[in-house]
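J.: My file is coords.cif. It has mmCIF, C-alpha atoms:
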```cif
data_target
#
loop_
_atom_site.label_atom_id
_atom_site.label_comp_id
_atom_site.auth_asym_id
_atom_site.auth_seq_id
_atom_site.Cartn_x
_atom_site.Cartn_y
_atom_site.Cartn_z
CA MET S 65 -19.43 21.07 -50.17
CA CYS S 66 -17.54 22.53 -53.07
CA ALA S 67 -17.00 26.24 -53.75
CA PRO S 68 -14.77 27.97 -56.25
CA GLY S 69 -12.65 30.90 -55.04
CA ALA S 70 -9.51 32.92 -55.54
CA ARG S 71 -7.03 33.65 -52.78
CA ARG S 72 -5.64 37.20 -52.59
CA THR S 73 -2.02 38.25 -52.26
CA GLY S 74 0.12 41.38 -52.62
CA ASP S 75 -0.29 44.81 -50.94
CA ALA S 76 -3.87 45.37 -49.78
CA ASN S 77 -4.84 42.02 -51.37
CA ILE S 78 -5.01 43.51 -54.85
CA ASP S 79 -3.39 40.51 -56.62
CA ALA S 80 -5.05 37.08 -57.15
CA LEU S 81 -3.75 33.50 -57.31
CA ALA S 82 -5.18 30.66 -59.36
CA PRO S 83 -8.70 29.44 -58.43
CA TYR S 84 -9.07 26.53 -56.03
CA ALA S 85 -11.80 24.17 -54.80
CA GLN S 86 -12.79 23.68 -51.14
CA PHE S 87 -14.43 20.52 -49.70
CA ASN S 88 -15.99 20.36 -46.21
CA VAL S 89 -17.01 17.09 -44.48
CA GLY S 90 -18.60 16.79 -41.05
CA LEU S 91 -20.28 14.30 -38.67
CA ALA S 92 -22.91 15.14 -36.03
CA ARG S 93 -24.48 13.22 -33.09
CA ASP S 94 -26.79 14.37 -30.30
CA PHE S 95 -25.93 13.51 -26.67
CA ALA S 96 -28.44 13.74 -23.82
CA MET S 97 -26.88 15.62 -20.89
CA PRO S 98 -28.25 16.28 -17.39
CA ASP S 99 -29.55 19.81 -16.75
CA ILE S 100 -26.56 21.03 -14.66
CA PHE S 101 -25.91 24.39 -16.27
CA SER S 102 -27.47 27.68 -15.07
CA PRO S 103 -29.18 29.81 -17.66
CA GLN S 104 -27.32 32.98 -18.69
CA TYR S 105 -29.19 36.25 -19.06
CA GLY S 106 -26.47 38.42 -20.54
CA PRO S 107 -22.82 38.53 -21.56
CA ARG S 108 -20.11 38.51 -18.97
CA ARG S 109 -18.27 41.77 -18.28
CA GLY S 110 -15.49 42.20 -20.80
CA PHE S 111 -12.64 44.57 -21.54
CA PHE S 112 -11.52 45.13 -25.10
CA LEU S 113 -8.49 46.79 -26.64
CA GLY S 114 -8.17 47.56 -30.31
CA ILE S 115 -5.43 48.72 -32.65
CA LYS S 116 -6.24 50.43 -35.92
CA LYS S 117 -3.95 50.89 -38.91
CA LYS S 118 -4.76 52.56 -42.15
CA ILE S 119 -4.09 50.37 -45.22
CA CYS S 120 -3.70 52.20 -48.52
CA ALA S 121 -4.09 50.72 -51.97
CA ASN S 122 -1.45 53.19 -53.18
CA PRO S 123 1.21 53.88 -50.54
CA ASN S 124 2.47 56.84 -52.61
CA SER S 125 -0.83 58.72 -52.51
CA ASP S 126 -1.18 61.97 -50.54
CA ALA S 127 -3.56 60.28 -48.09
CA CYS S 128 -0.92 57.71 -47.11
CA ARG S 129 2.21 59.86 -47.29
CA ILE S 130 3.94 60.63 -43.97
CA PRO S 131 3.79 64.37 -43.32
CA SER S 132 6.89 66.37 -44.01
CA GLU S 133 8.92 67.78 -41.12
CA GLY S 134 7.32 71.19 -41.54
CA GLY S 135 3.80 69.74 -41.49
CA ARG S 136 4.38 67.05 -38.84
CA ARG S 137 1.98 67.27 -35.89
CA ASP S 138 3.34 68.28 -32.51
CA TYR S 139 3.01 65.38 -30.04
CA ALA S 140 4.58 67.26 -27.13
CA GLY S 141 1.29 67.45 -25.21
CA ARG S 142 0.45 65.52 -22.06
CA PHE S 143 0.65 61.71 -22.41
CA GLY S 144 2.27 62.17 -25.82
CA LEU S 145 -0.91 63.50 -27.40
CA PRO S 146 -0.92 66.35 -29.93
CA THR S 147 -0.92 69.80 -28.38
CA ALA S 148 -3.98 71.99 -28.97
CA PRO S 149 -3.53 74.55 -31.74
CA ALA S 150 -2.73 78.06 -30.50
CA LEU S 151 -5.79 80.32 -30.53
CA ASP S 152 -5.38 83.83 -31.89
CA ARG S 153 -6.93 85.56 -28.88
CA TYR S 154 -6.81 89.25 -28.05
CA ASN S 155 -3.76 90.17 -25.99
CA TRP S 156 -4.40 92.56 -23.06
CA SER S 157 -0.82 92.59 -21.76
CA GLY S 158 1.25 95.76 -21.86
CA PHE S 159 1.52 99.36 -20.69
CA TYR S 160 -1.10 101.88 -21.77
CA LEU S 161 -2.02 105.57 -21.68
CA GLY S 162 -5.50 107.03 -22.01
CA LEU S 163 -8.02 109.80 -21.53
CA ASN S 164 -11.32 109.75 -19.67
CA ALA S 165 -14.39 111.94 -19.15
CA GLY S 166 -17.72 111.57 -17.41
CA GLY S 167 -19.90 112.71 -14.58
CA ALA S 168 -19.74 112.75 -10.80
CA LEU S 169 -22.43 112.86 -8.15
CA GLY S 170 -21.17 113.49 -4.63
CA THR S 171 -22.55 114.48 -1.25
CA ILE S 172 -20.89 116.85 1.23
CA THR S 173 -22.15 116.95 4.81
CA GLN S 174 -20.84 119.60 7.23
CA THR S 175 -21.33 119.30 10.99
CA ALA S 176 -20.62 121.93 13.64
CA SER S 177 -19.50 120.68 17.04
CA GLY S 178 -21.29 121.50 20.27
CA GLY S 179 -24.74 120.97 18.79
CA GLY S 180 -24.21 123.64 16.17
CA GLY S 181 -26.16 121.62 13.60
CA SER S 182 -25.34 119.99 10.28
CA ALA S 183 -26.31 120.28 6.63
CA SER S 184 -25.61 118.37 3.42
CA VAL S 185 -25.78 119.10 -0.28
CA LYS S 186 -25.59 117.08 -3.50
CA GLU S 187 -22.53 117.88 -5.62
CA PRO S 188 -23.07 117.02 -9.30
CA GLY S 189 -20.42 117.89 -11.85
CA PHE S 190 -18.30 116.90 -14.82
CA ILE S 191 -14.91 115.21 -14.54
CA GLY S 192 -12.16 114.59 -17.06
CA GLY S 193 -8.51 113.65 -17.08
CA ALA S 194 -5.90 111.05 -17.99
CA GLN S 195 -4.74 107.64 -16.82
CA PHE S 196 -1.85 105.23 -17.28
CA GLY S 197 -1.39 101.63 -16.24
CA ALA S 198 -0.23 98.14 -17.12
CA ASN S 199 -1.86 94.74 -17.65
CA TYR S 200 -0.51 91.21 -17.51
CA GLN S 201 -2.63 88.39 -18.93
CA THR S 202 -2.47 84.75 -17.79
CA GLY S 203 -5.04 82.75 -19.74
CA PRO S 204 -8.36 84.58 -19.46
CA VAL S 205 -7.31 86.37 -16.23
CA VAL S 206 -5.95 89.91 -16.59
CA TRP S 207 -4.05 91.53 -13.70
CA GLY S 208 -2.85 95.11 -13.53
CA PHE S 209 -2.69 98.51 -11.91
CA GLU S 210 -3.80 101.98 -12.91
CA ALA S 211 -3.25 105.59 -11.76
CA ASP S 212 -5.32 108.57 -12.89
CA TYR S 213 -5.91 112.28 -12.32
CA ASP S 214 -9.21 114.07 -13.00
CA ALA S 215 -10.34 117.68 -12.74
CA SER S 216 -13.87 118.23 -11.40
CA THR S 217 -16.52 120.98 -11.58
CA GLN S 218 -18.28 119.89 -8.36
CA ASN S 219 -19.10 123.10 -6.44
CA GLN S 220 -22.31 123.77 -4.47
CA SER S 221 -23.59 125.90 -1.58
CA LEU S 222 -25.23 124.19 1.37
CA PRO S 223 -28.97 124.75 1.84
CA ALA S 224 -30.33 127.32 4.28
CA GLY S 225 -30.23 126.39 7.96
CA ALA S 226 -27.68 126.32 10.75
CA LEU S 227 -24.85 126.46 8.17
CA THR S 228 -26.34 129.10 5.87
CA GLY S 229 -23.59 130.54 3.67
CA SER S 230 -21.49 127.37 3.76
CA ALA S 231 -20.25 125.74 0.54
CA GLY S 232 -18.11 122.85 -0.67
CA LYS S 233 -15.95 122.40 -3.76
CA MET S 234 -13.97 119.41 -5.06
CA PRO S 235 -11.64 120.68 -7.82
CA TRP S 236 -9.62 117.50 -8.43
CA LEU S 237 -9.09 113.88 -7.43
CA ALA S 238 -6.60 111.11 -8.18
CA THR S 239 -6.61 107.36 -7.64
CA LEU S 240 -4.16 104.45 -7.62
CA ARG S 241 -5.90 101.10 -8.01
CA GLY S 242 -5.22 97.45 -8.56
CA ARG S 243 -7.33 95.73 -11.22
CA VAL S 244 -8.26 92.11 -11.91
CA GLY S 245 -10.58 90.96 -14.66
CA TRP S 246 -11.75 88.13 -16.90
CA ALA S 247 -11.21 88.44 -20.64
CA PHE S 248 -13.78 87.14 -23.13
CA ASP S 249 -11.41 87.60 -26.07
CA ARG S 250 -11.81 91.34 -26.89
CA THR S 251 -14.14 92.06 -23.95
CA LEU S 252 -12.64 92.54 -20.49
CA VAL S 253 -14.82 92.68 -17.36
CA TYR S 254 -12.91 93.85 -14.30
CA GLY S 255 -13.08 94.99 -10.68
CA MET S 256 -10.74 97.44 -8.97
CA ALA S 257 -9.86 98.77 -5.54
CA GLY S 258 -7.22 101.03 -4.07
CA GLY S 259 -6.59 104.49 -2.69
CA ALA S 260 -7.83 107.94 -3.67
CA ALA S 261 -6.74 111.49 -2.91
CA GLY S 262 -8.45 114.78 -3.58
CA GLU S 263 -8.92 118.36 -2.54
CA LEU S 264 -11.89 119.71 -0.58
CA ARG S 265 -12.41 123.46 -0.32
CA THR S 266 -15.07 124.52 2.17
CA ILE S 267 -16.67 127.67 3.49
CA ALA S 268 -18.22 127.04 6.90
CA ALA S 269 -20.55 129.69 8.35
CA VAL S 270 -22.13 129.53 11.82
CA PRO S 271 -23.41 132.30 14.13
CA ALA S 272 -19.98 132.48 15.76
CA GLY S 273 -18.25 133.30 12.48
CA THR S 274 -17.03 132.01 9.13
CA THR S 275 -13.97 130.01 8.11
CA MET S 276 -12.49 128.94 4.77
CA THR S 277 -10.40 125.77 4.58
CA THR S 278 -8.60 123.81 1.85
CA VAL S 279 -7.85 120.20 2.75
CA THR S 280 -6.12 117.44 0.77
CA TYR S 281 -7.65 114.15 1.89
CA GLY S 282 -6.90 110.47 1.35
CA THR S 283 -9.36 107.60 1.37
CA TRP S 284 -10.29 104.27 -0.27
CA THR S 285 -12.04 103.64 -3.56
CA ALA S 286 -13.53 100.63 -5.35
CA GLY S 287 -15.49 99.97 -8.52
CA VAL S 288 -16.17 97.88 -11.61
CA GLY S 289 -15.80 98.34 -15.35
CA VAL S 290 -15.89 96.81 -18.83
CA GLU S 291 -13.39 97.39 -21.64
CA TYR S 292 -13.49 96.42 -25.32
CA GLY S 293 -10.54 96.07 -27.68
CA ILE S 294 -11.33 98.07 -30.83
CA THR S 295 -7.97 97.32 -32.46
CA ASP S 296 -4.87 95.45 -31.29
CA ASN S 297 -3.71 98.58 -29.43
CA LEU S 298 -6.80 100.78 -28.94
CA SER S 299 -9.58 100.00 -26.46
CA ALA S 300 -12.65 101.78 -25.09
CA ARG S 301 -14.13 101.37 -21.63
CA ALA S 302 -16.81 102.45 -19.17
CA GLU S 303 -16.44 102.21 -15.39
CA TYR S 304 -17.90 103.17 -12.03
CA LEU S 305 -15.97 104.22 -8.89
CA TYR S 306 -17.10 105.00 -5.36
CA LEU S 307 -15.12 106.76 -2.63
CA ASP S 308 -15.98 107.76 0.94
CA LYS S 309 -14.13 110.00 3.43
CA ASN S 310 -15.44 110.94 6.87
CA ASN S 311 -14.26 113.41 9.53
CA ILE S 312 -12.41 115.86 7.30
CA ALA S 313 -11.37 118.80 9.51
CA SER S 314 -12.93 121.78 7.72
CA GLY S 315 -12.31 124.67 10.06
CA PHE S 316 -12.30 126.10 13.58
CA ILE S 317 -14.40 129.08 14.71
CA GLY S 318 -14.58 130.79 18.10
CA PRO S 319 -15.34 131.90 20.63
CA PRO S 320 -17.29 129.93 21.48
CA ALA S 321 -14.98 127.24 20.09
CA THR S 322 -16.67 125.45 17.21
CA THR S 323 -15.05 122.76 15.05
CA ILE S 324 -16.39 122.02 11.56
CA ALA S 325 -16.09 118.45 10.19
CA SER S 326 -17.03 117.33 6.67
CA HIS S 327 -18.12 113.95 5.32
CA LEU S 328 -17.48 113.40 1.60
CA GLN S 329 -19.03 110.70 -0.61
CA ASN S 330 -18.52 110.60 -4.36
CA ASN S 331 -19.79 108.47 -7.26
CA LEU S 332 -17.81 108.61 -10.51
CA MET S 333 -19.07 107.37 -13.89
CA ARG S 334 -16.41 107.58 -16.60
CA ALA S 335 -15.81 106.54 -20.19
CA GLY S 336 -12.33 106.40 -21.64
CA LEU S 337 -9.97 105.43 -24.45
CA ASN S 338 -6.65 103.63 -23.91
CA TYR S 339 -3.70 103.14 -26.24
CA ARG S 340 -1.71 100.05 -25.32
CA PHE S 341 1.90 99.85 -26.44
CA PRO S 342 2.67 96.72 -28.50
CA VAL S 343 4.35 93.80 -26.73
CA ALA S 344 5.97 90.70 -28.19
CA ARG S 345 3.80 87.59 -28.05
#
```
How does this structure look as structure tokens?

T.:
Amino acid sequence: MCAPGARRTGDANIDALAPYAQFNVGLARDFAMPDIFSPQYGPRRGFFLGIKKKICANPNSDACRIPSEGGRRDYAGRFGLPTAPALDRYNWSGFYLGLNAGGALGTITQTASGGGGSASVKEPGFIGGAQFGANYQTGPVVWGFEADYDASTQNQSLPAGALTGSAGKMPWLATLRGRVGWAFDRTLVYGMAGGAAGELRTIAAVPAGTTMTTVTYGTWTAGVGVEYGITDNLSARAEYLYLDKNNIASGFIGPPATTIASHLQNNLMRAGLNYRFPVAR
């Protein structure tokens, strides 16, 4: 067999040598062999390793040039692989101040000892105040704390009955809560729990007499909320809080000796704006 050709040389085989001729000679013979081999139905299991290298026709082209020091990729990641590029995500870390306003729906139940009866009344009202706190973000998890103070318009008289003439008023409340949430970039969904304090002013009236009492109480509170980053430093939020306090001593009347106890439950729905002070990234 004779075939003309031209061998290649030089970088990327772009140069040619003089043509040459190739001759192939072969002999063949068939041998009869006993049937001692088992048929094969598929390839044996194999493991393969490959190495790839880019070959450029022009080593001075931009595609083949080694990146400059400023543009060199960072191979400081695990197993010597390039590190993932930093994502420009919203930063929730830092101290903040804000204002809030909303509505409250509470229930006050007064009970007179010695079988004197009990009565309860719904306490709707408006609330508004201020808060301050701090966040610390680790990945998508945001930890923090918050304290707030709100004034309230909740003030209602109890319905007619054994405690006719009784009334309850909640002029203010404050909370100190821990918060933990999950950030979806500019959207933060969080839960919170902590302590609450407030003031309960009551008028308790029973056949034996009337008493007026002002009590500052302490209890627990818990809730959930969602916050959205409008700008790098300004965010808006909506949240719900629940608090419950039983056996608040609300007065003593006698004779005959009668003790008045109050049970307070309150639901708070608030919207607010926070300004977060800038922090270094």

J.: The PyMOL selection byres ((chain S and resi 214) around 9) - which residues does that actually catch in the file I just gave you? List them as a PyMOL selection string.

T.: chain S and resi 164-165+191-195+212-213+215-216+235-239

J.: Please evaluate the PyMOL selection byres ((chain S and resi 178) around 9) against the displayed coordinates and give the resulting residues as an MDAnalysis selection string.

T.: chainID S and resid 176:177 179:181 321:323

J.: Pick from S:Met276, S:Leu332, S:Leu169, S:Leu264: nearest to Tyr306 (chain S), with all atoms listed in the file counted?

T.: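 Checking each of S:Met276, S:Leu332, S:Leu169, S:Leu264 against Tyr306 (chain S), counting all atoms listed in the file, the winner is S:Leu332.
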
J.: Quick one: pull the distance between CA of Tyr254 (chain S) and CA of Asn330 (chain S), Å, one decimal.

T.: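 These two atoms are separated by 20.3 Å.
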
J.: Smallest atom-to-atom distance to Gln201 (chain S): which of S:Asn310, S:Ser157, S:Asn338, S:Thr283, using all atoms listed in the file?

T.: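 Going through S:Asn310, S:Ser157, S:Asn338, S:Thr283 one by one, the smallest distance to Gln201 (chain S) is for S:Ser157.
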
J.: Please expand the PyMOL selection byres ((chain S and resi 317) around 9) into the concrete residues it hits in this file, giving the result as a ChimeraX atom specification.

T.: /S:268-270,272-275,315-316,318-324

J.: With all atoms listed in the file as the atoms that count, which of S:Phe159, S:Tyr154, S:Phe190, S:Tyr304 lies nearest to Phe209 (chain S)?

T.: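 Once distances to Phe209 (chain S) are computed over all atoms listed in the file, the minimum belongs to S:Phe159.
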
J.: Excluding same-chain residues fewer than 6 positions from Val288 (chain S), what lies within 8 Å of it counting only C-alpha atoms, as a PDB file with C-alpha atoms, in the coordinates of the input?

T.:
```
ATOM      1  CA  VAL S 253     -14.820  92.680 -17.360  1.00  0.00           C
ATOM      2  CA  TYR S 254     -12.910  93.850 -14.300  1.00  0.00           C
ATOM      3  CA  GLY S 255     -13.080  94.990 -10.680  1.00  0.00           C
ATOM      4  CA  MET S 256     -10.740  97.440  -8.970  1.00  0.00           C
ATOM      5  CA  GLU S 303     -16.440 102.210 -15.390  1.00  0.00           C
ATOM      6  CA  TYR S 304     -17.900 103.170 -12.030  1.00  0.00           C
ATOM      7  CA  LEU S 305     -15.970 104.220  -8.890  1.00  0.00           C
TER       8      LEU S 305
END
```

J.: Could you check which of S:Val290, S:Val244, S:Ala300, S:Ile172 is closest to Ser314 (chain S), using only C-alpha atoms?

T.: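 Among S:Val290, S:Val244, S:Ala300, S:Ile172, it is S:Ile172 that comes nearest to Ser314 (chain S).
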
J.: For Pro204 (chain S), which residue among S:Gln174, S:Asn88, S:Asn155, S:Thr217 is the nearest when counting all atoms listed in the file?

T.: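 Closest to Pro204 (chain S), using all atoms listed in the file: S:Asn155.
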
J.: Have a look at S:Thr251, S:Thr171, S:Thr277, S:Ser326 and name the one nearest to Ile294 (chain S); count all atoms listed in the file.

T.: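 Closest to Ile294 (chain S) of all the choices is S:Thr251.
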
J.: I want to know what sits within 6 Å of Leu240 (chain S), based on all atoms listed in the file, with residues of the same chain fewer than 6 positions away left out; could you give that as a count of residues only?

T.: 4

J.: Measure the distance from CA of Glu263 (chain S) to CA of Pro223 (chain S) in Å and round it to one decimal.

T.: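 Calculated distance between CA of Glu263 (chain S) and CA of Pro223 (chain S) is 21.5 Å.
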
J.: Could you work out how far CA of Gly203 (chain S) lies from CA of Ala257 (chain S), giving the answer in Å with one decimal?

T.: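 Interatomic distance, CA of Ala257 (chain S) to CA of Gly203 (chain S): 21.9 Å.
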
J.: Give me, as a list in words, all polymer residues having an atom no more than 9 Å from Gly282 (chain S), counting all atoms listed in the file and skipping those fewer than 5 positions away in the same chain.

T.: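 Everything that qualifies: Gly259, Ala260, Ala261, Gly262 and Lys309 of chain S.
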